[in-house]
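**Q** Input file: structure-v7.cif. Contents: mmCIF, C-alpha atoms and all ligand atoms.
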```cif
data_upload
loop_
_atom_site.label_atom_id
_atom_site.label_comp_id
_atom_site.auth_asym_id
_atom_site.auth_seq_id
_atom_site.Cartn_x
_atom_site.Cartn_y
_atom_site.Cartn_z
CA MET I 1 17.99 -14.98 6.39
CA PRO I 2 14.63 -15.53 8.07
CA ALA I 3 13.43 -19.12 7.69
CA ASP I 4 10.12 -17.98 6.24
CA ALA I 5 10.94 -14.72 4.54
CA ALA I 6 7.57 -14.63 2.76
CA SER I 7 5.74 -13.96 6.03
CA TYR I 8 8.45 -11.75 7.54
CA PRO I 9 7.80 -8.23 6.31
CA THR I 10 10.75 -6.00 7.09
CA ALA I 11 13.93 -7.68 8.26
CA THR I 12 15.93 -4.71 9.54
CA ALA I 13 19.40 -4.48 8.05
CA GLY I 14 22.29 -3.93 10.44
CA VAL I 15 20.83 -5.73 13.47
CA ASP I 16 21.63 -9.24 14.71
CA PHE I 17 18.08 -10.16 15.71
CA ASP I 18 14.67 -9.11 14.49
CA VAL I 19 13.09 -9.66 17.90
CA ILE I 20 14.76 -9.92 21.32
CA VAL I 21 12.46 -11.30 24.04
CA VAL I 22 13.28 -10.63 27.70
CA GLY I 23 12.02 -13.32 30.09
CA ALA I 24 11.38 -16.99 29.30
CA GLY I 25 8.23 -17.74 31.28
CA ILE I 26 5.14 -18.85 29.40
CA MET I 27 4.59 -15.43 27.81
CA GLY I 28 8.14 -14.94 26.56
CA SER I 29 8.40 -18.55 25.39
CA CYS I 30 5.14 -18.23 23.44
CA ALA I 31 6.19 -14.86 22.00
CA ALA I 32 9.54 -16.33 20.91
CA HIS I 33 7.71 -19.23 19.26
CA ALA I 34 5.20 -16.97 17.50
CA ALA I 35 7.91 -14.60 16.23
CA SER I 36 10.24 -17.37 15.06
CA SER I 37 7.29 -19.08 13.35
CA ARG I 38 6.98 -15.92 11.28
CA GLY I 39 10.58 -16.27 10.18
CA ALA I 40 11.97 -13.63 12.52
CA ARG I 41 15.48 -14.08 13.95
CA VAL I 42 14.69 -14.36 17.66
CA LEU I 43 16.81 -14.18 20.81
CA LEU I 44 15.14 -15.15 24.12
CA LEU I 45 17.02 -13.95 27.21
CA GLU I 46 16.29 -15.44 30.66
CA ARG I 47 17.97 -14.39 33.90
CA PHE I 48 17.68 -17.80 35.60
CA ALA I 49 18.34 -21.45 34.69
CA PRO I 50 16.19 -23.39 32.17
CA LEU I 51 12.64 -24.11 33.43
CA HIS I 52 13.40 -22.59 36.84
CA SER I 53 10.79 -22.28 39.57
CA LEU I 54 11.40 -18.70 40.74
CA GLY I 55 8.78 -16.95 38.59
CA SER I 56 5.14 -17.62 37.72
CA SER I 57 5.13 -20.34 35.06
CA HIS I 58 6.42 -23.48 36.82
CA GLY I 59 4.62 -26.47 38.32
CA GLU I 60 2.24 -29.23 37.33
CA SER I 61 -1.01 -27.46 36.65
CA ARG I 62 -2.88 -24.34 35.59
CA THR I 63 -6.60 -24.06 34.97
CA ILE I 64 -7.97 -23.11 31.59
CA ARG I 65 -11.58 -21.93 31.81
CA ASP I 66 -14.01 -19.92 29.72
CA ALA I 67 -15.98 -18.70 32.78
CA TYR I 68 -14.72 -15.11 33.17
CA PRO I 69 -16.50 -12.25 34.93
CA LYS I 70 -15.12 -9.83 32.30
CA ALA I 71 -16.47 -10.44 28.79
CA HIS I 72 -13.23 -9.37 27.09
CA TYR I 73 -11.40 -12.56 28.16
CA PRO I 74 -13.40 -15.43 26.59
CA PRO I 75 -12.38 -14.47 23.00
CA MET I 76 -8.73 -14.59 24.10
CA VAL I 77 -9.28 -17.94 25.83
CA ARG I 78 -10.87 -19.33 22.66
CA LEU I 79 -7.95 -18.11 20.53
CA ALA I 80 -5.54 -19.63 23.06
CA ARG I 81 -7.33 -23.01 23.03
CA ARG I 82 -6.85 -23.19 19.27
CA LEU I 83 -3.17 -22.28 19.60
CA TRP I 84 -2.62 -24.79 22.45
CA ARG I 85 -3.94 -27.54 20.20
CA ASP I 86 -1.83 -26.34 17.25
CA ALA I 87 1.31 -26.38 19.41
CA GLU I 88 0.50 -29.86 20.72
CA ALA I 89 0.04 -31.09 17.16
CA ASP I 90 3.29 -29.46 15.97
CA SER I 91 5.34 -30.78 18.89
CA GLY I 92 3.74 -34.18 19.33
CA ARG I 93 3.43 -33.41 23.06
CA ARG I 94 0.34 -33.25 25.25
CA VAL I 95 0.01 -30.49 27.85
CA LEU I 96 -3.76 -29.82 27.93
CA THR I 97 -6.26 -32.20 29.50
CA ALA I 98 -9.86 -31.16 28.86
CA THR I 99 -12.27 -31.20 31.83
CA PRO I 100 -15.66 -29.70 32.70
CA HIS I 101 -15.58 -26.49 34.73
CA LEU I 102 -17.65 -25.82 37.85
CA THR I 103 -18.37 -22.31 39.12
CA LEU I 104 -19.62 -22.16 42.70
CA GLY I 105 -20.55 -19.33 45.01
CA PRO I 106 -23.14 -17.06 46.62
CA ARG I 107 -26.05 -16.24 44.30
CA GLY I 108 -25.73 -12.52 45.07
CA ASP I 109 -22.18 -12.27 43.71
CA PRO I 110 -22.37 -10.31 40.43
CA ALA I 111 -18.88 -11.42 39.32
CA LEU I 112 -19.91 -15.05 39.67
CA LEU I 113 -23.14 -14.54 37.72
CA ALA I 114 -21.23 -12.77 34.93
CA ALA I 115 -18.65 -15.58 34.81
CA VAL I 116 -21.42 -18.17 34.47
CA ARG I 117 -23.02 -16.16 31.67
CA ASN I 118 -19.77 -15.38 29.80
CA GLY I 119 -18.58 -18.97 30.14
CA GLY I 120 -21.75 -20.45 28.69
CA ALA I 121 -22.28 -22.48 31.89
CA SER I 122 -25.65 -23.61 33.17
CA GLU I 123 -26.90 -24.15 36.69
CA LYS I 124 -26.95 -27.80 37.73
CA ASP I 125 -28.18 -29.86 40.62
CA LEU I 126 -24.89 -31.45 41.58
CA ALA I 127 -26.74 -34.54 42.82
CA ASN I 128 -27.11 -35.43 39.13
CA GLN I 129 -23.39 -35.11 38.33
CA LYS I 130 -21.29 -38.26 38.67
CA TRP I 131 -18.74 -36.27 40.74
CA GLY I 132 -21.36 -34.07 42.48
CA ALA I 133 -21.27 -35.89 45.83
CA ALA I 134 -17.83 -34.42 46.47
CA PHE I 135 -19.38 -31.01 47.18
CA ARG I 136 -21.65 -29.72 49.93
CA VAL I 137 -23.38 -26.73 48.32
CA PRO I 138 -25.19 -24.47 50.82
CA ASP I 139 -28.63 -22.92 50.26
CA GLY I 140 -28.35 -19.62 48.42
CA TRP I 141 -25.35 -20.77 46.38
CA VAL I 142 -25.10 -21.27 42.63
CA ALA I 143 -23.44 -24.34 41.10
CA ALA I 144 -22.98 -23.93 37.33
CA VAL I 145 -21.20 -26.31 35.00
CA SER I 146 -19.82 -25.93 31.50
CA GLU I 147 -19.11 -29.40 30.15
CA LEU I 148 -16.25 -28.37 27.84
CA GLY I 149 -15.33 -25.13 29.60
CA GLY I 150 -12.41 -26.26 31.77
CA GLY I 151 -9.07 -27.99 31.47
CA VAL I 152 -5.70 -28.54 33.08
CA LEU I 153 -2.46 -27.32 31.55
CA ASN I 154 0.83 -28.81 32.66
CA ALA I 155 2.75 -25.57 33.25
CA THR I 156 6.43 -26.53 33.12
CA LYS I 157 5.86 -28.96 30.25
CA ALA I 158 4.00 -26.22 28.37
CA VAL I 159 6.90 -23.75 28.74
CA SER I 160 9.29 -26.47 27.59
CA MET I 161 7.05 -27.26 24.60
CA PHE I 162 7.00 -23.65 23.38
CA GLN I 163 10.74 -23.21 23.90
CA SER I 164 11.42 -26.39 21.91
CA LEU I 165 9.12 -25.26 19.12
CA ALA I 166 10.84 -21.86 19.06
CA VAL I 167 14.31 -23.44 18.92
CA ASN I 168 13.16 -25.70 16.08
CA LYS I 169 12.19 -22.53 14.20
CA GLY I 170 15.65 -21.08 14.73
CA ALA I 171 15.25 -19.06 17.95
CA VAL I 172 18.27 -18.78 20.25
CA ILE I 173 17.65 -19.09 24.01
CA LYS I 174 20.24 -17.76 26.43
CA HIS I 175 19.82 -18.61 30.13
CA ASN I 176 21.50 -16.97 33.13
CA ALA I 177 21.39 -13.72 31.16
CA GLU I 178 19.85 -10.96 33.28
CA VAL I 179 18.81 -7.95 31.22
CA VAL I 180 19.79 -4.71 32.94
CA GLY I 181 19.34 -2.21 30.11
CA ILE I 182 17.43 -1.56 26.91
CA VAL I 183 18.81 1.45 25.06
CA ARG I 184 18.98 3.19 21.74
CA LYS I 185 22.30 4.27 20.26
CA GLU I 186 22.53 7.40 18.20
CA GLY I 187 22.77 6.80 14.47
CA GLU I 188 22.02 3.08 14.78
CA PRO I 189 18.77 1.30 13.95
CA GLY I 190 16.75 -0.65 16.52
CA ILE I 191 17.64 -1.14 20.16
CA TRP I 192 20.44 -2.63 22.25
CA VAL I 193 19.73 -5.05 25.09
CA LYS I 194 22.39 -5.27 27.80
CA THR I 195 22.92 -8.03 30.36
CA SER I 196 24.47 -7.90 33.83
CA ASP I 197 27.64 -9.66 32.66
CA GLY I 198 28.33 -6.95 30.10
CA GLU I 199 26.99 -8.57 26.91
CA GLU I 200 25.05 -6.44 24.42
CA PHE I 201 22.59 -7.68 21.80
CA HIS I 202 21.37 -5.63 18.86
CA GLY I 203 17.76 -6.13 17.78
CA ALA I 204 15.17 -4.40 15.65
CA LYS I 205 12.41 -4.93 18.24
CA CYS I 206 12.19 -6.00 21.87
CA ILE I 207 9.41 -7.77 23.77
CA VAL I 208 9.55 -7.48 27.57
CA THR I 209 7.86 -10.37 29.39
CA ALA I 210 9.66 -10.19 32.73
CA GLY I 211 6.75 -11.24 34.95
CA ALA I 212 7.02 -9.99 38.54
CA TRP I 213 10.22 -8.10 37.66
CA THR I 214 8.59 -5.99 34.94
CA ARG I 215 7.91 -2.96 37.11
CA LYS I 216 11.56 -2.76 38.18
CA LEU I 217 12.97 -3.37 34.68
CA VAL I 218 10.66 -0.91 32.92
CA GLY I 219 11.24 1.65 35.68
CA SER I 220 14.98 1.40 35.20
CA VAL I 221 14.84 1.33 31.36
CA THR I 222 12.73 4.50 31.31
CA GLY I 223 14.82 6.25 33.94
CA GLY I 224 11.88 6.23 36.34
CA ALA I 225 9.52 7.89 33.85
CA LEU I 226 7.16 4.88 33.80
CA GLU I 227 6.22 3.10 37.02
CA LEU I 228 3.81 0.36 36.00
CA PRO I 229 1.48 -0.46 38.92
CA ILE I 230 2.30 -4.18 38.86
CA GLN I 231 2.53 -5.61 42.38
CA PRO I 232 4.18 -9.02 42.92
CA LEU I 233 2.26 -11.26 45.34
CA HIS I 234 3.57 -14.38 47.05
CA MET I 235 1.23 -17.27 46.31
CA LEU I 236 1.28 -20.81 47.65
CA VAL I 237 0.46 -23.81 45.49
CA LEU I 238 -1.22 -26.34 47.77
CA TYR I 239 -1.82 -30.05 47.12
CA TRP I 240 -4.11 -31.92 49.52
CA LYS I 241 -4.50 -35.64 50.18
CA ILE I 242 -7.68 -37.16 48.80
CA LYS I 243 -9.45 -39.37 51.35
CA PRO I 244 -8.85 -43.11 50.83
CA GLY I 245 -11.22 -44.64 48.28
CA ARG I 246 -12.03 -41.24 46.68
CA GLU I 247 -8.88 -40.94 44.57
CA ARG I 248 -10.39 -41.98 41.25
CA GLU I 249 -13.57 -39.94 41.80
CA LEU I 250 -11.55 -36.70 42.04
CA SER I 251 -9.31 -37.44 39.05
CA ALA I 252 -9.29 -35.77 35.65
CA GLU I 253 -9.51 -39.24 34.07
CA ALA I 254 -12.87 -39.76 35.80
CA GLY I 255 -14.15 -36.39 34.54
CA PHE I 256 -13.81 -34.39 37.78
CA PRO I 257 -13.98 -30.65 36.95
CA THR I 258 -11.67 -27.73 37.44
CA PHE I 259 -13.53 -25.37 39.76
CA SER I 260 -13.65 -21.83 41.15
CA SER I 261 -15.45 -21.12 44.40
CA TYR I 262 -16.38 -17.44 44.81
CA GLY I 263 -17.02 -15.78 48.16
CA ASP I 264 -14.51 -15.53 50.98
CA PRO I 265 -12.10 -17.25 50.65
CA HIS I 266 -12.02 -17.42 46.86
CA VAL I 267 -10.46 -20.80 46.07
CA TYR I 268 -9.81 -22.65 42.83
CA SER I 269 -8.79 -26.18 41.98
CA THR I 270 -7.54 -28.58 39.36
CA PRO I 271 -8.50 -32.28 39.55
CA SER I 272 -6.05 -34.99 40.52
CA LEU I 273 -3.75 -35.62 37.56
CA GLU I 274 0.02 -35.22 37.76
CA LEU I 275 0.35 -36.06 41.46
CA PRO I 276 -1.81 -39.18 41.99
CA GLY I 277 -3.94 -39.20 45.12
CA LEU I 278 -3.56 -35.43 45.57
CA ILE I 279 -5.79 -32.56 44.50
CA LYS I 280 -4.68 -28.94 44.10
CA ILE I 281 -6.88 -26.45 45.95
CA ASN I 282 -5.42 -22.93 46.19
CA TYR I 283 -6.38 -19.63 47.77
CA ASP I 284 -6.61 -16.92 45.10
CA HIS I 285 -4.72 -14.26 47.03
CA GLY I 286 -1.39 -13.69 48.74
CA PRO I 287 0.69 -11.01 50.44
CA PRO I 288 2.86 -8.49 48.54
CA CYS I 289 6.51 -9.44 48.14
CA ASP I 290 9.77 -8.32 46.54
CA PRO I 291 10.76 -10.95 43.94
CA ASP I 292 14.44 -10.16 44.69
CA GLY I 293 13.94 -10.36 48.46
CA CYS I 294 14.68 -13.25 50.81
CA ARG I 295 12.12 -15.94 49.99
CA GLU I 296 12.42 -17.61 53.39
CA GLU I 297 11.03 -14.41 54.92
CA TRP I 298 7.97 -14.18 52.68
CA SER I 299 4.65 -14.49 54.46
CA SER I 300 2.14 -17.16 53.39
CA GLY I 301 -0.81 -14.93 54.27
CA GLY I 302 -2.49 -17.87 56.04
CA ALA I 303 -3.32 -19.49 52.69
CA ALA I 304 -3.24 -23.11 53.90
CA GLU I 305 -5.46 -22.38 56.89
CA ARG I 306 -8.01 -20.58 54.75
CA VAL I 307 -8.16 -23.41 52.21
CA ALA I 308 -8.39 -26.02 54.98
CA GLY I 309 -11.39 -24.13 56.39
CA TRP I 310 -13.01 -24.03 52.96
CA ILE I 311 -12.46 -27.79 52.46
CA GLU I 312 -13.99 -28.60 55.85
CA GLU I 313 -17.08 -26.62 54.88
CA PHE I 314 -17.52 -27.65 51.24
CA MET I 315 -15.67 -30.96 50.56
CA PRO I 316 -15.34 -32.55 54.01
CA GLY I 317 -15.91 -36.18 52.98
CA HIS I 318 -13.42 -36.20 50.15
CA VAL I 319 -10.30 -34.23 51.03
CA GLU I 320 -8.08 -34.59 54.11
CA THR I 321 -7.03 -31.42 55.96
CA ALA I 322 -5.43 -32.93 59.08
CA GLY I 323 -1.71 -32.21 58.90
CA GLY I 324 -2.21 -29.54 56.25
CA PRO I 325 -1.31 -29.70 52.56
CA VAL I 326 0.95 -32.59 51.51
CA VAL I 327 2.87 -30.52 48.95
CA GLN I 328 3.31 -26.78 48.88
CA TYR I 329 5.54 -24.39 46.97
CA SER I 330 5.79 -20.71 46.09
CA CYS I 331 4.75 -18.92 42.92
CA LEU I 332 4.35 -15.24 42.01
CA TYR I 333 1.32 -13.27 40.87
CA SER I 334 1.93 -9.92 39.10
CA MET I 335 -1.15 -7.91 40.03
CA THR I 336 -2.47 -4.82 38.32
CA PRO I 337 -5.07 -2.69 40.16
CA ASP I 338 -7.91 -3.91 37.88
CA LYS I 339 -6.48 -7.43 37.32
CA ASP I 340 -6.36 -6.73 33.58
CA PHE I 341 -3.17 -7.49 31.67
CA VAL I 342 -0.68 -4.95 30.32
CA ILE I 343 -0.14 -5.52 26.59
CA ASP I 344 1.11 -2.37 24.89
CA PHE I 345 3.95 -0.53 23.21
CA LEU I 346 6.33 1.05 25.71
CA GLY I 347 6.18 4.41 23.90
CA GLY I 348 8.37 7.37 24.84
CA GLU I 349 11.80 7.24 23.17
CA PHE I 350 11.16 3.54 22.31
CA GLY I 351 7.93 4.19 20.42
CA GLU I 352 6.66 0.91 18.96
CA ASP I 353 10.06 -0.80 19.06
CA VAL I 354 9.54 -2.18 22.58
CA VAL I 355 6.39 -4.13 23.47
CA ILE I 356 5.38 -4.98 27.05
CA GLY I 357 3.43 -8.10 28.10
CA ALA I 358 3.01 -8.17 31.86
CA GLY I 359 0.64 -7.85 34.83
CA PHE I 360 -1.07 -11.16 34.16
CA SER I 361 -2.62 -10.94 37.63
CA GLY I 362 -2.76 -14.65 38.42
CA HIS I 363 -4.84 -15.68 35.42
CA GLY I 364 -2.63 -15.38 32.35
CA PHE I 365 -1.21 -18.85 31.80
CA LYS I 366 -4.19 -20.24 29.91
CA MET I 367 -3.90 -17.36 27.43
CA GLY I 368 -0.12 -17.67 26.96
CA PRO I 369 -0.16 -18.74 23.30
CA ALA I 370 -2.63 -15.97 22.42
CA VAL I 371 -0.61 -13.36 24.30
CA GLY I 372 2.58 -14.59 22.64
CA MET I 373 0.98 -14.31 19.21
CA ILE I 374 -0.28 -10.79 20.02
CA LEU I 375 3.11 -9.59 21.30
CA ALA I 376 4.93 -11.05 18.29
CA GLU I 377 2.52 -9.46 15.81
CA MET I 378 2.76 -6.10 17.59
CA ALA I 379 6.56 -6.28 17.40
CA ILE I 380 6.71 -7.48 13.79
CA ASP I 381 3.68 -5.81 12.17
CA GLY I 382 2.88 -2.98 14.58
CA GLU I 383 -0.58 -4.45 15.11
CA ALA I 384 -2.14 -7.71 16.33
CA LYS I 385 -4.28 -8.88 13.42
CA THR I 386 -4.87 -12.41 14.69
CA ALA I 387 -6.27 -11.04 17.94
CA ALA I 388 -8.52 -8.58 16.12
CA GLU I 389 -9.89 -11.37 13.93
CA ALA I 390 -10.57 -13.43 17.07
CA GLY I 391 -12.49 -10.55 18.67
CA VAL I 392 -9.86 -9.74 21.31
CA GLU I 393 -10.05 -6.05 22.32
CA LEU I 394 -6.58 -4.86 23.25
CA ARG I 395 -7.80 -1.49 24.54
CA HIS I 396 -8.46 -3.16 27.90
CA PHE I 397 -4.74 -3.79 28.30
CA SER I 398 -3.25 -0.38 27.51
CA ILE I 399 -0.59 1.27 29.67
CA ASN I 400 -2.51 4.56 29.48
CA ARG I 401 -5.40 3.30 31.61
CA PHE I 402 -3.31 3.67 34.79
C1 LIG F 1 0.06 -20.16 42.23
C2 LIG F 1 -0.34 -19.69 40.86
C3 LIG F 1 -1.45 -20.25 40.26
C4 LIG F 1 -1.87 -19.81 39.01
N1 LIG F 1 -2.95 -20.40 38.44
C5 LIG F 1 -3.31 -20.04 37.20
C6 LIG F 1 -4.36 -20.72 36.55
O1 LIG F 1 -4.95 -21.67 37.10
N2 LIG F 1 -4.69 -20.34 35.29
C7 LIG F 1 -4.05 -19.33 34.64
O2 LIG F 1 -4.40 -19.02 33.50
N3 LIG F 1 -3.04 -18.66 35.24
C8 LIG F 1 -2.65 -18.99 36.50
N4 LIG F 1 -1.62 -18.35 37.11
C9 LIG F 1 -1.00 -17.20 36.45
C10 LIG F 1 0.04 -17.57 35.42
O3 LIG F 1 0.82 -18.66 35.87
C11 LIG F 1 0.86 -16.35 35.10
O4 LIG F 1 -0.03 -15.33 34.66
C12 LIG F 1 1.90 -16.60 34.03
O5 LIG F 1 2.68 -17.72 34.36
C13 LIG F 1 2.78 -15.37 33.88
O6 LIG F 1 3.81 -15.68 32.98
P1 LIG F 1 4.96 -14.64 32.65
O7 LIG F 1 5.71 -15.23 31.52
O8 LIG F 1 4.38 -13.28 32.53
O9 LIG F 1 5.86 -14.57 33.98
P2 LIG F 1 7.04 -15.53 34.46
O10 LIG F 1 6.68 -16.94 34.31
O11 LIG F 1 7.46 -15.10 35.82
O12 LIG F 1 8.19 -15.24 33.43
C14 LIG F 1 8.95 -14.07 33.49
C15 LIG F 1 10.38 -14.47 33.26
O13 LIG F 1 11.18 -13.32 33.10
C16 LIG F 1 12.42 -13.58 33.69
N5 LIG F 1 13.05 -12.30 33.95
C17 LIG F 1 12.65 -11.35 34.82
N6 LIG F 1 13.46 -10.28 34.76
C18 LIG F 1 14.39 -10.56 33.82
C19 LIG F 1 15.51 -9.85 33.33
N7 LIG F 1 15.81 -8.63 33.81
N8 LIG F 1 16.27 -10.43 32.38
C20 LIG F 1 15.97 -11.66 31.90
N9 LIG F 1 14.92 -12.39 32.35
C21 LIG F 1 14.14 -11.83 33.30
C22 LIG F 1 12.06 -14.34 34.94
O14 LIG F 1 13.16 -15.05 35.48
C23 LIG F 1 10.96 -15.25 34.43
O15 LIG F 1 11.47 -16.48 33.97
C24 LIG F 1 -1.17 -18.78 38.35
C25 LIG F 1 -0.04 -18.23 38.96
C26 LIG F 1 0.39 -18.68 40.19
C27 LIG F 1 1.59 -18.06 40.82
#
```
Would you put the structure from the file into structure tokens?
Ligand SMILES: Cc1cc2nc3c(=O)[nH]c(=O)nc-3n(C[C@H](O)[C@H](O)[C@H](O)COP(=O)(O)OP(=O)(O)OC[C@H]3O[C@@H](n4cnc5c(N)ncnc54)[C@H](O)[C@@H]3O)c2cc1C

**A**
Amino acid sequence: MPADAASYPTATAGVDFDVIVVGAGIMGSCAAHAASSRGARVLLLERFAPLHSLGSSHGESRTIRDAYPKAHYPPMVRLARRLWRDAEADSGRRVLTATPHLTLGPRGDPALLAAVRNGGASEKDLANQKWGAAFRVPDGWVAAVSELGGGVLNATKAVSMFQSLAVNKGAVIKHNAEVVGIVRKEGEPGIWVKTSDGEEFHGAKCIVTAGAWTRKLVGSVTGGALELPIQPLHMLVLYWKIKPGRERELSAEAGFPTFSSYGDPHVYSTPSLELPGLIKINYDHGPPCDPDGCREEWSSGGAAERVAGWIEEFMPGHVETAGGPVVQYSCLYSMTPDKDFVIDFLGGEFGEDVVIGAGFSGHGFKMGPAVGMILAEMAIDGEAKTAAEAGVELRHFSINRF
């Protein structure tokens, strides 16, 4: 029986699980938590080991920011902030450190100006900010700050938190279980989910959150009928040494902001926090890759060199570039052509029984709890009421736009 049958509308008879989630990154973990919190019997299947680092949701930090060029994201960020805090309170863990957010870039960049507007930021003379001396802002550039508009999320700890919360609500997580098929069987309700070692699981609904593998999995499940234009990119996470004596100034504890610098190269950063004396500054682009290919052969796209050049121009007195980044590791973006997410029913023979959450295009982590709630409500209720109440417009994320 569902733990909270009052809020679980239609437990389907004759299936073992109400919701089967494929992929235990941040989106799948949040969806499993949201569904199990509703009393659904949930199975979360993950092809790799617990908290692995082969997808998109591992590492020490992700930025949360309200400053978005597209106005349809801030409502989802606001919903997510509320759900991040709820999850922290429920678990007794802390994964979100609030910071200011700085948006920098050429005044003529319309995306930057829209992000400043949508994020409720205001232009500042950085000379008046306690951390402002870290930046050299050229003439013709905008520097806008939102005091409560940023934050750092500890990525791996956040995934762990949502998985623990889901398990506490009765969800079952199965690792090293690669899903190779999602099928219907004649005369039987719901869907069957098959793994590469021959196991089969029977569920009423399925949520697919397979990150960079979504295009391949959906292509194979639909027999090639649906090729989602989701392109995996190889990204490098880069941590740089802070110059001696500047370590505290650039720390989250001292109020240093998360920041995005528009223009070419577009870089973004989280303040020094989990790795003392180091600051993360990344390049917001990378070369295409095959997530199943040989990782040693993946190109870096010159990311470290581009960021080093940016640092020399804009933060030369505070961050060391000699010798390159001190820590670097790989991560995957799942890019759609318009950088908008894919959140929709699969349709076709699966109708509304399979829901897809993918294509998070390098900016989804912050919205994980909101996306998880949306996917769970779509699977359980056929509609995402919480999102609608929060002003999130799901039409931007439909499969049909491609
Ligand atoms: C370098 C980098 C920096 C980023 N910075 C930010 C940031 O500052 N702010 C922000 O909001 N976002 C950021 N993002 C984006 C964010 O991290 C992603 O949008 C988010 O993690 C995507 O989560 P996901 O669950 O969709 O994918 P994943 O985390 O990849 O999870 C998908 C899971 O599905 C599993 N899987 C795949 N196929 C199968 C299968 N067939 N069977 C079973 N399991 C399967 C995979 O193993 C994986 O665990 C960043 C991403 C990167 C790479």

**Q** Hey, which of I:Ser146, I:Ser261, I:Thr63, I:Ser220 ends up closest to Ile182 (chain I)? Count all atoms listed in the file.

**A** I:Ser220

**Q** From the list I:Ser122, I:Ser29, I:Asn128, I:Gln163, which residue is nearest ligand LIG 1 (chain F) when using all atoms listed in the file?

**A** I:Ser29

**Q** Given the point (-23.6, -18.1, 33.7) in the file's coordinates, find the residues that have an atom at most 12 Å from it, counting all atoms listed in the file, and give them as a ChimeraX atom specification.

**A** /I:66-71,101-105,107,109-124,142-146,149

**Q** Distance limit 6 Å, reference ligand LIG 1 (chain F), atoms considered: only C-alpha atoms and all ligand atoms. Which residues make the cut? Give them as a ChimeraX atom specification.

**A** /I:22-28,45-48,55-57,62-64,177-180,209-213,235-237,331-333,358,360-366

**Q** Tell me, in Å to one decimal, how far CA of Ala166 (chain I) is from CA of Thr214 (chain I).

**A**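 Going from CA of Ala166 (chain I) over to CA of Thr214 (chain I) covers 22.6 Å.
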
**Q** Which one of I:Ala31, I:Pro288, I:Val77, I:Pro244 sits closest to Val208 (chain I) if you count only C-alpha atoms?

**A**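 Checking each of I:Ala31, I:Pro288, I:Val77, I:Pro244 against Val208 (chain I), counting only C-alpha atoms, the winner is I:Ala31.
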